[in-house]
Amino acid sequence: MLAANFLLLAALLFSIGVYGVIARRNAVMVLMSIELILNSVNLNFIAFALMQGSIEGHIFALFVIAIAAAEVGVGLAMVLLIYRNRKSILLDELSELKG
Amino acid sequence: MTGILFAADGVNVAQNIGFGVIAVVMIVAALNVVTTKNVVHAALSLALVLAGMAAQYILAAAEFVAVSQVMVYIGAVMVLFLFGIMLTRAQIGRETGLNNSTWYAGIPVAVILFGLLGWVVLNVYDDGSLFANVNDDGIIGELGVEGQQETVTQAISDGVLSTYLVPFFGMTFVLLAAAIGAIVLARKD
């Protein structure tokens, strides 16, 4: 197994996730793209743990998984709240904070 | 730097082939997540990406993280996403207006970002001088250098319950706050 393989795959998934965050305007789709980004970072942690022969990367990956689960829960609750108030979850229509 | 994907010497061929097959499935599914017109299809493609990620963890000798990935992501997060889709959408099927009007601006950003990251990875991590478990050709050696005495799961539990105990407790409070916050936000009153 080559060291660069995992890192290149993670970089590609990260770029795809960034494209999704920029291109999508449905809030649920943006959250899915953020999940792609978080997962690619986790793959990097695991790859570095494998290269270094240490266990710290696994622990950090578990922490990231827990925080990502919390983030999805709060994010989808906010999306539900926005949908209930506005009957729409299109992000470019949320412009109340614009001056 | 040549032959990154199919180097010949000192590489576990079965592991490399497995990595390649899973990686192709993951990349296709990830592209489907960000390009499809159907929100439910996007969620199911995301489940495929997450399952492939768990398989890559197993290839990288991280069984505990792989099982956590399956339980947390495929078990819990996907159900949350499907509920979110069902509670916020009227119709099931193809949908217009999922993309911004300036969606094409994301393509150069993603391409440049991948080019930069790939260039850095190929230049810095091609030789293994930075890492204990990587030889000079950039090939990862035998697995589990440190885990000879104990299994990976034992090592994780030792780390979490000794060195990383305080961050672990902090994380539990973050999860509690997030759960309460999600309930407060989403409940009808």
# chains A, B, ... in the order shown; residues from 1 in each chain; ligands from 1
$ residues_around --residues "Leu91 (chain A)" --least-positions-apart "3" --cutoff "8 Å" --atoms "only C-alpha atoms" --output "ChimeraX atom specification"
/A:25-27,94
$ write_last_selection --atoms "C-alpha atoms" --output "PDB file, in the first residue's frame"
ATOM      1  CA  ARG A  25     -28.539  25.728  -2.605  1.00  0.00           C
ATOM      2  CA  ASN A  26     -30.707  23.121  -0.891  1.00  0.00           C
ATOM      3  CA  ALA A  27     -29.659  23.147   2.779  1.00  0.00           C
ATOM      4  CA  LEU A  94     -32.275  33.462   3.575  1.00  0.00           C
TER       5      LEU A  94
END
$ interface_residues --of "chain A" --to "chain B" --cutoff "7 Å" --atoms "only C-alpha atoms" --output "ChimeraX atom specification"
/A:1-5,7-9,11-13,15-16,18-20,22-26,46-47,50-55,58-59,62,69-70,73-74,76-78,80-81,83
$ write_last_selection --atoms "C-alpha atoms" --output "mmCIF file, in the first residue's frame"
data_model
loop_
_atom_site.group_PDB
_atom_site.id
_atom_site.type_symbol
_atom_site.label_atom_id
_atom_site.label_comp_id
_atom_site.auth_asym_id
_atom_site.auth_seq_id
_atom_site.Cartn_x
_atom_site.Cartn_y
_atom_site.Cartn_z
ATOM 1 C CA MET A 1 0.000 0.000 0.000
ATOM 2 C CA LEU A 2 1.473 3.305 -1.064
ATOM 3 C CA ALA A 3 1.406 6.166 1.372
ATOM 4 C CA ALA A 4 0.058 8.680 -1.114
ATOM 5 C CA ASN A 5 -3.000 6.610 -2.132
ATOM 6 C CA LEU A 7 -4.112 10.992 0.914
ATOM 7 C CA LEU A 8 -4.952 11.448 -2.775
ATOM 8 C CA LEU A 9 -8.359 9.789 -2.341
ATOM 9 C CA ALA A 11 -8.018 15.115 -1.281
ATOM 10 C CA LEU A 12 -10.338 14.178 -4.146
ATOM 11 C CA LEU A 13 -13.301 13.575 -1.843
ATOM 12 C CA SER A 15 -12.592 18.752 -3.356
ATOM 13 C CA ILE A 16 -15.865 17.107 -4.383
ATOM 14 C CA VAL A 18 -16.203 21.706 -1.446
ATOM 15 C CA TYR A 19 -17.773 21.804 -4.907
ATOM 16 C CA GLY A 20 -21.027 20.532 -3.400
ATOM 17 C CA ILE A 22 -20.502 25.916 -3.325
ATOM 18 C CA ALA A 23 -22.869 24.594 -5.980
ATOM 19 C CA ARG A 24 -25.885 23.421 -3.987
ATOM 20 C CA ARG A 25 -28.539 25.728 -2.605
ATOM 21 C CA ASN A 26 -30.707 23.121 -0.891
ATOM 22 C CA ILE A 46 -6.445 7.014 9.681
ATOM 23 C CA ALA A 47 -3.822 7.115 6.915
ATOM 24 C CA LEU A 50 -1.098 3.844 9.642
ATOM 25 C CA MET A 51 2.023 5.592 8.359
ATOM 26 C CA GLN A 52 3.231 6.581 11.784
ATOM 27 C CA GLY A 53 2.375 3.244 13.376
ATOM 28 C CA SER A 54 0.604 5.027 16.232
ATOM 29 C CA ILE A 55 -2.902 5.051 17.633
ATOM 30 C CA HIS A 58 -7.730 6.587 15.393
ATOM 31 C CA ILE A 59 -8.678 8.493 18.550
ATOM 32 C CA LEU A 62 -13.433 8.882 16.641
ATOM 33 C CA ALA A 69 -22.917 13.438 14.455
ATOM 34 C CA ALA A 70 -23.667 16.367 16.775
ATOM 35 C CA GLY A 73 -28.273 16.734 14.488
ATOM 36 C CA VAL A 74 -28.169 20.456 15.178
ATOM 37 C CA LEU A 76 -30.972 19.298 10.509
ATOM 38 C CA ALA A 77 -32.907 20.728 13.462
ATOM 39 C CA MET A 78 -32.095 24.222 12.193
ATOM 40 C CA LEU A 80 -36.443 21.937 10.035
ATOM 41 C CA LEU A 81 -36.974 25.189 11.917
ATOM 42 C CA TYR A 83 -38.578 25.082 6.756
#
$ atom_distance --atom1 "CA of Ala10 (chain A)" --atom2 "CA of Ser40 (chain A)"
4.6 Å
$ select_by_dssp --residues "chain A" --states "alpha helix (DSSP H)" --output "JSON list (two decimals) with C-alpha atoms, in the first residue's frame"
[["chain", "number", "residue", "atom", "x", "y", "z"],
["A", 3, "ALA", "CA", 1.41, 6.17, 1.37],
["A", 4, "ALA", "CA", 0.06, 8.68, -1.11],
["A", 5, "ASN", "CA", -3.00, 6.61, -2.13],
["A", 6, "PHE", "CA", -5.13, 7.34, 0.92],
["A", 7, "LEU", "CA", -4.11, 10.99, 0.91],
["A", 8, "LEU", "CA", -4.95, 11.45, -2.77],
["A", 9, "LEU", "CA", -8.36, 9.79, -2.34],
["A", 10, "ALA", "CA", -9.06, 12.01, 0.66],
["A", 11, "ALA", "CA", -8.02, 15.11, -1.28],
["A", 12, "LEU", "CA", -10.34, 14.18, -4.15],
["A", 13, "LEU", "CA", -13.30, 13.58, -1.84],
["A", 14, "PHE", "CA", -12.55, 16.85, -0.04],
["A", 15, "SER", "CA", -12.59, 18.75, -3.36],
["A", 16, "ILE", "CA", -15.86, 17.11, -4.38],
["A", 17, "GLY", "CA", -17.37, 18.12, -1.05],
["A", 18, "VAL", "CA", -16.20, 21.71, -1.45],
["A", 19, "TYR", "CA", -17.77, 21.80, -4.91],
["A", 20, "GLY", "CA", -21.03, 20.53, -3.40],
["A", 21, "VAL", "CA", -21.03, 23.20, -0.71],
["A", 22, "ILE", "CA", -20.50, 25.92, -3.32],
["A", 23, "ALA", "CA", -22.87, 24.59, -5.98],
["A", 27, "ALA", "CA", -29.66, 23.15, 2.78],
["A", 28, "VAL", "CA", -29.86, 19.35, 3.18],
["A", 29, "MET", "CA", -27.61, 18.86, 0.16],
["A", 30, "VAL", "CA", -25.08, 21.31, 1.61],
["A", 31, "LEU", "CA", -25.08, 19.29, 4.85],
["A", 32, "MET", "CA", -24.41, 16.12, 2.83],
["A", 33, "SER", "CA", -21.44, 17.80, 1.14],
["A", 34, "ILE", "CA", -20.12, 18.81, 4.56],
["A", 35, "GLU", "CA", -20.33, 15.14, 5.56],
["A", 36, "LEU", "CA", -18.15, 14.28, 2.55],
["A", 37, "ILE", "CA", -15.56, 16.82, 3.71],
["A", 38, "LEU", "CA", -15.53, 15.53, 7.30],
["A", 39, "ASN", "CA", -15.15, 11.94, 6.10],
["A", 40, "SER", "CA", -12.21, 12.77, 3.86],
["A", 41, "VAL", "CA", -10.45, 14.37, 6.82],
["A", 42, "ASN", "CA", -11.12, 11.23, 8.84],
["A", 43, "LEU", "CA", -9.51, 9.13, 6.11],
["A", 44, "ASN", "CA", -6.44, 11.36, 6.38],
["A", 45, "PHE", "CA", -6.27, 10.78, 10.13],
["A", 46, "ILE", "CA", -6.44, 7.01, 9.68],
["A", 47, "ALA", "CA", -3.82, 7.11, 6.91],
["A", 48, "PHE", "CA", -1.42, 9.12, 9.05],
["A", 49, "ALA", "CA", -1.97, 6.74, 11.96],
["A", 50, "LEU", "CA", -1.10, 3.84, 9.64],
["A", 51, "MET", "CA", 2.02, 5.59, 8.36],
["A", 52, "GLN", "CA", 3.23, 6.58, 11.78],
["A", 56, "GLU", "CA", -3.53, 8.81, 18.02],
["A", 57, "GLY", "CA", -5.04, 9.13, 14.55],
["A", 58, "HIS", "CA", -7.73, 6.59, 15.39],
["A", 59, "ILE", "CA", -8.68, 8.49, 18.55],
["A", 60, "PHE", "CA", -8.88, 11.78, 16.66],
["A", 61, "ALA", "CA", -11.01, 10.13, 13.98],
["A", 62, "LEU", "CA", -13.43, 8.88, 16.64],
["A", 63, "PHE", "CA", -13.67, 12.41, 18.07],
["A", 64, "VAL", "CA", -14.38, 13.80, 14.60],
["A", 65, "ILE", "CA", -17.12, 11.18, 14.08],
["A", 66, "ALA", "CA", -18.79, 12.20, 17.35],
["A", 67, "ILE", "CA", -18.62, 15.91, 16.59],
["A", 68, "ALA", "CA", -19.91, 15.31, 13.05],
["A", 69, "ALA", "CA", -22.92, 13.44, 14.45],
["A", 70, "ALA", "CA", -23.67, 16.37, 16.78],
["A", 71, "GLU", "CA", -23.24, 18.79, 13.88],
["A", 72, "VAL", "CA", -25.70, 16.88, 11.68],
["A", 73, "GLY", "CA", -28.27, 16.73, 14.49],
["A", 74, "VAL", "CA", -28.17, 20.46, 15.18],
["A", 75, "GLY", "CA", -27.92, 21.32, 11.48],
["A", 76, "LEU", "CA", -30.97, 19.30, 10.51],
["A", 77, "ALA", "CA", -32.91, 20.73, 13.46],
["A", 78, "MET", "CA", -32.09, 24.22, 12.19],
["A", 79, "VAL", "CA", -33.13, 23.23, 8.66],
["A", 80, "LEU", "CA", -36.44, 21.94, 10.03],
["A", 81, "LEU", "CA", -36.97, 25.19, 11.92],
["A", 82, "ILE", "CA", -36.25, 27.26, 8.82],
["A", 83, "TYR", "CA", -38.58, 25.08, 6.76],
["A", 84, "ARG", "CA", -41.36, 25.46, 9.32],
["A", 85, "ASN", "CA", -41.05, 29.24, 9.31],
["A", 86, "ARG", "CA", -40.51, 29.86, 5.59]]
